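S.K.: Please find coords02.cif (mmCIF, C-alpha atoms) on the next line:
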```cif
data_protein
loop_
_atom_site.group_PDB
_atom_site.id
_atom_site.type_symbol
_atom_site.label_atom_id
_atom_site.label_comp_id
_atom_site.auth_asym_id
_atom_site.auth_seq_id
_atom_site.Cartn_x
_atom_site.Cartn_y
_atom_site.Cartn_z
ATOM 1 C CA MET A 1 115.512 97.718 128.352
ATOM 2 C CA ASP A 2 118.742 99.433 129.444
ATOM 3 C CA ASN A 3 117.384 99.558 133.011
ATOM 4 C CA TYR A 4 115.094 102.382 131.941
ATOM 5 C CA PHE A 5 112.309 102.555 134.501
ATOM 6 C CA ASN A 6 110.597 105.676 133.127
ATOM 7 C CA TYR A 7 109.311 103.611 130.190
ATOM 8 C CA PHE A 8 105.588 104.076 130.865
ATOM 9 C CA THR A 9 105.766 107.790 131.662
ATOM 10 C CA GLU A 10 107.926 108.636 128.647
ATOM 11 C CA ILE A 11 105.570 106.843 126.259
ATOM 12 C CA GLU A 12 102.451 108.402 127.781
ATOM 13 C CA GLU A 13 103.859 111.937 127.660
ATOM 14 C CA HIS A 14 105.237 111.542 124.130
ATOM 15 C CA PHE A 15 101.915 110.233 122.805
ATOM 16 C CA GLN A 16 100.041 113.088 124.463
ATOM 17 C CA ARG A 17 102.454 115.657 122.999
ATOM 18 C CA ARG A 18 102.060 114.271 119.488
ATOM 19 C CA ARG A 19 98.298 114.164 119.792
ATOM 20 C CA GLY A 20 98.211 117.689 121.199
ATOM 21 C CA SER A 21 95.961 116.886 124.141
ATOM 22 C CA LEU A 22 96.125 115.245 127.561
ATOM 23 C CA LEU A 23 94.198 112.175 126.444
ATOM 24 C CA ILE A 24 93.947 109.745 129.342
ATOM 25 C CA LEU A 25 95.401 106.421 128.277
ATOM 26 C CA SER A 26 92.958 103.528 128.409
ATOM 27 C CA THR A 27 93.363 100.104 130.006
ATOM 28 C CA LEU A 28 94.178 98.801 126.533
ATOM 29 C CA ASP A 29 96.905 101.445 126.082
ATOM 30 C CA TRP A 30 98.576 100.566 129.396
ATOM 31 C CA ALA A 31 98.334 96.854 128.648
ATOM 32 C CA LEU A 32 99.928 97.455 125.256
ATOM 33 C CA ILE A 33 102.822 99.393 126.811
ATOM 34 C CA GLU A 34 103.353 96.483 129.173
ATOM 35 C CA THR A 35 103.499 93.997 126.302
ATOM 36 C CA TRP A 36 106.132 96.172 124.604
ATOM 37 C CA LYS A 37 108.119 96.336 127.847
ATOM 38 C CA ASP A 38 107.912 92.573 128.356
ATOM 39 C CA ALA A 39 108.937 91.977 124.739
ATOM 40 C CA GLY A 40 112.057 94.070 125.281
ATOM 41 C CA ILE A 41 111.100 96.702 122.711
ATOM 42 C CA PRO A 42 113.376 99.716 123.313
ATOM 43 C CA LEU A 43 111.838 102.981 124.426
ATOM 44 C CA GLU A 44 113.432 104.632 121.383
ATOM 45 C CA ALA A 45 111.538 102.269 119.075
ATOM 46 C CA VAL A 46 108.196 103.072 120.704
ATOM 47 C CA LEU A 47 108.792 106.828 120.459
ATOM 48 C CA ARG A 48 109.886 106.499 116.824
ATOM 49 C CA GLY A 49 106.818 104.396 116.066
ATOM 50 C CA ILE A 50 104.511 106.994 117.611
ATOM 51 C CA ASP A 51 106.184 109.738 115.560
ATOM 52 C CA ALA A 52 105.931 107.720 112.336
ATOM 53 C CA THR A 53 102.238 107.003 112.955
ATOM 54 C CA PHE A 54 101.362 110.664 113.486
ATOM 55 C CA GLU A 55 103.503 111.771 110.531
ATOM 56 C CA ALA A 56 101.735 109.302 108.233
ATOM 57 C CA HIS A 57 98.374 110.442 109.567
ATOM 58 C CA ASP A 58 99.239 114.106 109.001
ATOM 59 C CA ARG A 59 100.068 113.389 105.339
ATOM 60 C CA LYS A 60 96.590 112.021 104.659
ATOM 61 C CA PRO A 61 94.427 114.476 102.722
ATOM 62 C CA ALA A 62 91.281 113.539 104.634
ATOM 63 C CA LYS A 63 91.631 112.835 108.343
ATOM 64 C CA THR A 64 88.321 111.194 109.141
ATOM 65 C CA ARG A 65 89.620 109.380 112.192
ATOM 66 C CA LYS A 66 91.832 110.655 115.004
ATOM 67 C CA ILE A 67 94.605 108.617 116.586
ATOM 68 C CA ASN A 68 92.859 107.954 119.884
ATOM 69 C CA GLY A 69 95.020 105.149 121.221
ATOM 70 C CA LEU A 70 98.454 103.588 121.144
ATOM 71 C CA ALA A 71 97.144 100.540 119.304
ATOM 72 C CA PHE A 72 97.135 102.651 116.126
ATOM 73 C CA CYS A 73 100.940 102.841 116.490
ATOM 74 C CA THR A 74 101.551 99.102 116.851
ATOM 75 C CA GLN A 75 102.853 98.372 113.355
ATOM 76 C CA GLU A 76 105.167 101.377 113.275
ATOM 77 C CA VAL A 77 106.541 100.511 116.726
ATOM 78 C CA LEU A 78 107.378 96.982 115.593
ATOM 79 C CA THR A 79 108.936 98.317 112.389
ATOM 80 C CA ALA A 80 111.091 100.760 114.372
ATOM 81 C CA SER A 81 112.121 97.999 116.771
ATOM 82 C CA GLU A 82 113.215 95.763 113.889
ATOM 83 C CA ALA A 83 115.177 98.637 112.319
ATOM 84 C CA ILE A 84 117.007 99.326 115.577
ATOM 85 C CA ALA A 85 117.813 95.633 116.000
ATOM 86 C CA GLU A 86 119.150 95.380 112.440
ATOM 87 C CA ALA A 87 121.271 98.509 112.901
ATOM 88 C CA ALA A 88 122.764 97.005 116.051
ATOM 89 C CA VAL A 89 124.001 93.871 114.257
ATOM 90 C CA GLY A 90 127.780 94.025 114.051
ATOM 91 C CA ALA A 91 127.906 97.353 115.879
ATOM 92 C CA ALA A 92 130.011 97.885 118.970
ATOM 93 C CA PRO A 93 128.095 97.156 122.196
ATOM 94 C CA ALA A 94 126.373 100.277 123.448
ATOM 95 C CA GLU A 95 127.510 101.682 126.738
ATOM 96 C CA LYS A 96 125.122 100.566 129.465
ATOM 97 C CA LYS A 97 122.891 103.337 130.759
ATOM 98 C CA GLU A 98 122.564 104.162 134.395
ATOM 99 C CA VAL A 99 119.368 103.164 136.138
ATOM 100 C CA GLY A 100 118.605 106.755 137.077
ATOM 101 C CA LEU A 101 116.716 105.790 140.230
ATOM 102 C CA GLU A 102 117.466 107.262 143.635
ATOM 103 C CA GLN A 103 117.434 104.717 146.446
ATOM 104 C CA LYS A 104 115.273 106.945 148.646
ATOM 105 C CA GLU A 105 112.800 107.366 145.778
ATOM 106 C CA VAL A 106 112.577 103.594 145.347
ATOM 107 C CA ALA A 107 112.310 102.993 149.108
ATOM 108 C CA ASP A 108 109.460 105.514 149.331
ATOM 109 C CA PHE A 109 107.702 103.763 146.440
ATOM 110 C CA LEU A 110 107.986 100.404 148.217
ATOM 111 C CA GLU A 111 106.685 101.854 151.483
ATOM 112 C CA ARG A 112 103.708 103.510 149.765
ATOM 113 C CA ASN A 113 102.748 100.221 148.144
ATOM 114 C CA ALA A 114 103.206 98.389 151.450
ATOM 115 C CA ALA A 115 100.796 100.827 153.121
ATOM 116 C CA ARG A 116 98.244 100.378 150.331
ATOM 117 C CA LEU A 117 98.452 96.592 150.489
ATOM 118 C CA GLU A 118 98.018 96.554 154.259
ATOM 119 C CA LYS A 119 94.780 98.578 153.989
ATOM 120 C CA LEU A 120 93.153 96.345 151.400
ATOM 121 C CA LYS A 121 90.208 94.073 152.129
ATOM 122 C CA LEU A 122 90.640 91.090 149.857
ATOM 123 C CA PRO A 123 89.248 87.562 149.785
ATOM 124 C CA ASP A 124 91.530 84.954 151.317
ATOM 125 C CA PRO A 125 94.163 83.786 150.544
ATOM 126 C CA ALA A 126 94.882 87.040 148.680
ATOM 127 C CA GLN A 127 94.298 89.030 151.887
ATOM 128 C CA THR A 128 96.978 87.138 153.799
ATOM 129 C CA LEU A 129 99.329 87.296 150.838
ATOM 130 C CA ALA A 130 98.836 91.066 150.509
ATOM 131 C CA HIS A 131 99.797 91.589 154.155
ATOM 132 C CA VAL A 132 102.847 89.338 153.831
ATOM 133 C CA THR A 133 103.856 91.210 150.682
ATOM 134 C CA GLY A 134 103.437 94.532 152.463
ATOM 135 C CA HIS A 135 105.749 93.327 155.224
ATOM 136 C CA ASN A 136 108.299 92.159 152.650
ATOM 137 C CA LEU A 137 108.159 95.496 150.846
ATOM 138 C CA ARG A 138 108.894 97.321 154.092
ATOM 139 C CA GLU A 139 111.899 95.052 154.678
ATOM 140 C CA LEU A 140 113.170 95.781 151.173
ATOM 141 C CA ALA A 141 112.698 99.505 151.753
ATOM 142 C CA GLU A 142 114.662 99.269 154.992
ATOM 143 C CA GLU A 143 117.477 97.456 153.194
ATOM 144 C CA LEU A 144 117.602 100.263 150.644
ATOM 145 C CA HIS A 145 117.839 102.889 153.392
ATOM 146 C CA ASP A 146 120.737 101.001 154.979
ATOM 147 C CA SER A 147 122.717 100.118 151.837
ATOM 148 C CA THR A 148 124.987 102.252 149.680
ATOM 149 C CA SER A 149 123.907 100.717 146.358
ATOM 150 C CA PHE A 150 121.342 98.350 144.856
ATOM 151 C CA ARG A 151 120.623 96.443 141.673
ATOM 152 C CA ALA A 152 117.351 97.650 140.217
ATOM 153 C CA GLU A 153 117.081 94.616 137.923
ATOM 154 C CA ASP A 154 117.215 92.191 140.856
ATOM 155 C CA LEU A 155 114.651 94.205 142.811
ATOM 156 C CA GLU A 156 112.373 94.372 139.770
ATOM 157 C CA ARG A 157 112.407 90.575 139.456
ATOM 158 C CA ARG A 158 111.397 90.174 143.107
ATOM 159 C CA LEU A 159 108.594 92.702 142.727
ATOM 160 C CA THR A 160 107.326 90.935 139.617
ATOM 161 C CA VAL A 161 107.131 87.624 141.480
ATOM 162 C CA MET A 162 105.253 89.272 144.373
ATOM 163 C CA GLU A 163 102.686 90.847 142.038
ATOM 164 C CA GLU A 164 102.178 87.643 140.055
ATOM 165 C CA LYS A 165 101.461 85.695 143.263
ATOM 166 C CA ILE A 166 98.863 88.250 144.371
ATOM 167 C CA PHE A 167 97.271 88.221 140.922
ATOM 168 C CA ALA A 168 97.069 84.424 140.901
ATOM 169 C CA ALA A 169 95.371 84.440 144.324
ATOM 170 C CA LEU A 170 92.880 87.099 143.208
ATOM 171 C CA LEU A 171 92.125 85.265 139.982
ATOM 172 C CA ALA A 172 91.349 82.098 141.943
ATOM 173 C CA SER A 173 89.043 84.105 144.254
ATOM 174 C CA THR A 174 87.190 85.977 141.510
ATOM 175 C CA SER A 175 83.919 84.528 140.278
ATOM 176 C CA ASP A 176 83.681 83.040 136.811
ATOM 177 C CA ASP A 177 81.084 85.663 135.873
ATOM 178 C CA GLN A 178 83.415 88.527 136.839
ATOM 179 C CA ILE A 179 86.327 87.055 134.913
ATOM 180 C CA LEU A 180 84.068 86.457 131.926
ATOM 181 C CA SER A 181 82.940 90.086 132.087
ATOM 182 C CA VAL A 182 86.540 91.318 132.001
ATOM 183 C CA ARG A 183 87.402 88.998 129.111
ATOM 184 C CA ILE A 184 84.375 90.214 127.126
ATOM 185 C CA GLU A 185 85.481 93.792 127.821
ATOM 186 C CA ALA A 186 88.984 92.943 126.585
ATOM 187 C CA ASP A 187 87.607 91.297 123.425
ATOM 188 C CA ARG A 188 85.470 94.360 122.708
ATOM 189 C CA ASP A 189 88.326 96.849 123.179
ATOM 190 C CA LEU A 190 90.755 94.726 121.160
ATOM 191 C CA ALA A 191 88.350 94.074 118.275
ATOM 192 C CA PRO A 192 89.265 97.165 116.175
ATOM 193 C CA TYR A 193 92.973 96.277 116.276
ATOM 194 C CA ARG A 194 92.975 92.553 115.542
ATOM 195 C CA GLY A 195 93.845 93.182 111.899
ATOM 196 C CA LYS A 196 96.902 95.207 112.917
ATOM 197 C CA MET A 197 98.503 92.524 115.128
ATOM 198 C CA ASN A 198 99.361 88.855 114.810
ATOM 199 C CA GLY A 199 97.943 86.070 116.978
ATOM 200 C CA PRO A 200 100.664 86.002 119.669
ATOM 201 C CA GLN A 201 100.552 89.797 120.005
ATOM 202 C CA ILE A 202 96.787 89.786 120.479
ATOM 203 C CA GLU A 203 97.031 86.922 122.968
ATOM 204 C CA GLN A 204 99.694 88.679 125.041
ATOM 205 C CA LEU A 205 97.814 91.978 124.976
ATOM 206 C CA HIS A 206 94.604 90.213 126.039
ATOM 207 C CA LYS A 207 96.477 88.610 128.954
ATOM 208 C CA GLN A 208 97.946 91.937 130.111
ATOM 209 C CA TYR A 209 94.529 93.601 129.803
ATOM 210 C CA VAL A 210 92.880 91.007 132.054
ATOM 211 C CA HIS A 211 95.797 91.187 134.524
ATOM 212 C CA LYS A 212 95.484 94.962 134.793
ATOM 213 C CA ARG A 213 91.690 94.974 135.126
ATOM 214 C CA ILE A 214 91.664 92.309 137.871
ATOM 215 C CA LEU A 215 94.217 94.244 139.922
ATOM 216 C CA GLU A 216 92.244 97.455 139.378
ATOM 217 C CA ARG A 217 89.028 95.737 140.470
ATOM 218 C CA TYR A 218 90.559 95.063 143.886
ATOM 219 C CA ASP A 219 92.571 98.335 143.991
ATOM 220 C CA VAL A 220 95.854 96.430 144.219
ATOM 221 C CA PRO A 221 98.839 98.685 143.406
ATOM 222 C CA ARG A 222 101.285 97.778 140.668
ATOM 223 C CA LEU A 223 104.548 96.812 142.314
ATOM 224 C CA SER A 224 106.905 97.124 139.329
ATOM 225 C CA LEU A 225 109.441 99.959 139.353
ATOM 226 C CA PHE A 226 108.081 100.877 135.910
ATOM 227 C CA TYR A 227 105.003 102.231 137.759
ATOM 228 C CA MET A 228 106.933 104.633 139.967
#
```
Once more with this new file: its structure as structure tokens, please.
M.R.:
Amino acid sequence: MDNYFNYFTEIEEHFQRRRGSLLILSTLDWALIETWKDAGIPLEAVLRGIDATFEAHDRKPAKTRKINGLAFCTQEVLTASEAIAEAAVGAAPAEKKEVGLEQKEVADFLERNAARLEKLKLPDPAQTLAHVTGHNLRELAEELHDSTSFRAEDLERRLTVMEEKIFAALLASTSDDQILSVRIEADRDLAPYRGKMNGPQIEQLHKQYVHKRILERYDVPRLSLFYM
């Protein structure tokens, strides 16, 4: 991903510009962006795919349906990603991009999330884990204040592990009926797009959707640097 931690924001803003309105992205949209990030799809491919989708839509003589979500762009994003990968075969390695993150900015982000976690009222053992995670985030923030450099990739891996542990604890503490409700919601929102994606894509998107909704249900902040 070329250490590019503005992935979510860039995609959101580009989609809104192409659509011509500040449409609030849905849970499905955010889950889809996360599946693209996890799959290693370059930001450039996503932006190209969004452009191609809107350009194809604009050429249609009768526009009976607006592009109201990123799921409409899925096929074009995958096509753009494949084209970029093919173009890279045999090419000279691209120069690695800088992370573009200020240490103070990252430290502040960690401290804000620590404060949010410490205020939460969660079922045990998620409650204890949230407080431990908050303490760990403050320690990481302090290390950033005291150091002259840091590796964003290493920090991102640690944050991912922390969030996954909290999610697992919350999932174990959430009633079967609540989880079923979220899964039904995911199935309903994904239904219009099942013909546009293959089985593994749908499965991954469904997983990310449930993950996001469970964390939202308990007001748990996203710890990844992609959410700065």
S.K.: If I take CA of Pro200 (chain A) and CA of Val77 (chain A), how far is one from the other in Å, to one decimal?
M.R.: 15.9 Å
S.K.: Please, which residues in region 19-57 of chain A fall within 10 Å of region 201-218 of chain A when counting only C-alpha atoms, and what is the closest atom pair and distance in Å to one decimal for each, ordered by chain then residue number, as CSV?
M.R.:
```
residue,atom,partner,partner_atom,distance
A:Thr27,CA,A:Tyr209,CA,6.6
A:Leu28,CA,A:Tyr209,CA,6.2
A:Asp29,CA,A:Tyr209,CA,9.0
A:Trp30,CA,A:Tyr209,CA,8.1
A:Ala31,CA,A:Tyr209,CA,5.1
A:Leu32,CA,A:Leu205,CA,5.9
A:Ile33,CA,A:Leu205,CA,9.1
A:Glu34,CA,A:Gln208,CA,7.1
A:Thr35,CA,A:Leu205,CA,6.2
A:Trp36,CA,A:Leu205,CA,9.3
A:Asp38,CA,A:Gln204,CA,9.7
A:Ala39,CA,A:Gln204,CA,9.8
```
S.K.: Nearest to Thr148 (chain A) among A:Ser81, A:Gln75, A:Thr53, A:Gln103, with distances taken over all atoms listed in the file: which residue is it?
M.R.: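 Of all the options, A:Gln103 lies closest to Thr148 (chain A).
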S.K.: Rank A:Leu78, A:Val182, A:Val89, A:Arg19 by their smallest atom-to-atom distance to Asp58 (chain A), using all atoms listed in the file, and report the top residue only.
M.R.: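 Ranked by minimum distance to Asp58 (chain A), first place goes to A:Arg19.
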S.K.: For CA of Phe15 (chain A) and CA of Ala56 (chain A), quote the distance in Å rounded to one decimal.
M.R.: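 One can read the CA of Phe15 (chain A) to CA of Ala56 (chain A) distance as 14.6 Å.
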S.K.: Could you list, as a list in words, every residue within 12 Å of Asp154 (chain A), counting all atoms listed in the file and ignoring same-chain residues fewer than 4 positions away?
M.R.: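 Everything that qualifies: Asn3, Leu140, Phe150, Arg158, Leu159, Thr160, Val161, Ser224 and Leu225 of chain A.
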S.K.: Pull C-alpha atoms from the residues just selected and write them as a short mmCIF file (atom, residue, chain, number, x, y, z; two decimals), keeping the file's coordinate frame.
M.R.:
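As written to disk, out.cif reads:
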```cif
data_model
loop_
_atom_site.label_atom_id
_atom_site.label_comp_id
_atom_site.auth_asym_id
_atom_site.auth_seq_id
_atom_site.Cartn_x
_atom_site.Cartn_y
_atom_site.Cartn_z
CA ASN A 3 117.38 99.56 133.01
CA LEU A 140 113.17 95.78 151.17
CA PHE A 150 121.34 98.35 144.86
CA ARG A 158 111.40 90.17 143.11
CA LEU A 159 108.59 92.70 142.73
CA THR A 160 107.33 90.94 139.62
CA VAL A 161 107.13 87.62 141.48
CA SER A 224 106.90 97.12 139.33
CA LEU A 225 109.44 99.96 139.35
#
```
S.K.: Using the chain letters and residue numbers of this document, give as a ChimeraX atom specification the residues selected by the PyMOL selection byres ((chain A and resi 51) around 9).
M.R.: /A:14-15,18,46-50,52-56,73,76
S.K.: Go through A:Ala172, A:Leu70, A:Ala45, A:Val106 and flag the residue nearest Ser149 (chain A), using all atoms listed in the file for the distances.
M.R.: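 Of A:Ala172, A:Leu70, A:Ala45, A:Val106, the one nearest Ser149 (chain A) is A:Val106, counting all atoms listed in the file.
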S.K.: Rounded to one decimal in Å, what is the spacing between CA of Leu110 (chain A) and CA of Leu223 (chain A)?
M.R.: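 Distance reported for this atom pair: 7.7 Å.
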S.K.: Quick one: everything within 12 Å of Pro125 (chain A), counting all atoms listed in the file, minus sequence neighbours fewer than 4 positions away in the same chain. Send it as a list of chain:residue names.
M.R.: A:Lys121, A:Leu129, A:Ala130, A:His131, A:Val132, A:Lys165, A:Ile166, A:Phe167, A:Ala168, A:Ala169, A:Leu170, A:Leu171, A:Ala172, A:Ser173, A:Thr174
S.K.: As JSON, please report the centre and edge lengths, rounded to one decimal in Å, of the axis-aligned box that holds all listed atoms of region 179-182 of chain A with 5 Å of padding on each of the six sides.
M.R.:
```
{"center_x": 84.7, "center_y": 88.9, "center_z": 133.4, "size_x": 13.6, "size_y": 14.9, "size_z": 13.0}
```
S.K.: Evaluate the PyMOL selection byres ((chain A and resi 116) around 10) against this structure - the residues, as a PyMOL selection string, please.
M.R.: chain A and resi 110-115+117-120+130-131+134+219-221
S.K.: Starting from the shown file, work through the PyMOL selection byres ((chain A and resi 227) around 9) and note down what comes out as a ChimeraX atom specification.
M.R.: /A:5-9,222-226,228
S.K.: Might you pull out every residue within 9 Å of Lys104 (chain A), with only C-alpha atoms counted and same-chain residues fewer than 5 positions away left off, and present them as a PyMOL selection string?
M.R.: chain A and resi 109+141+144-145
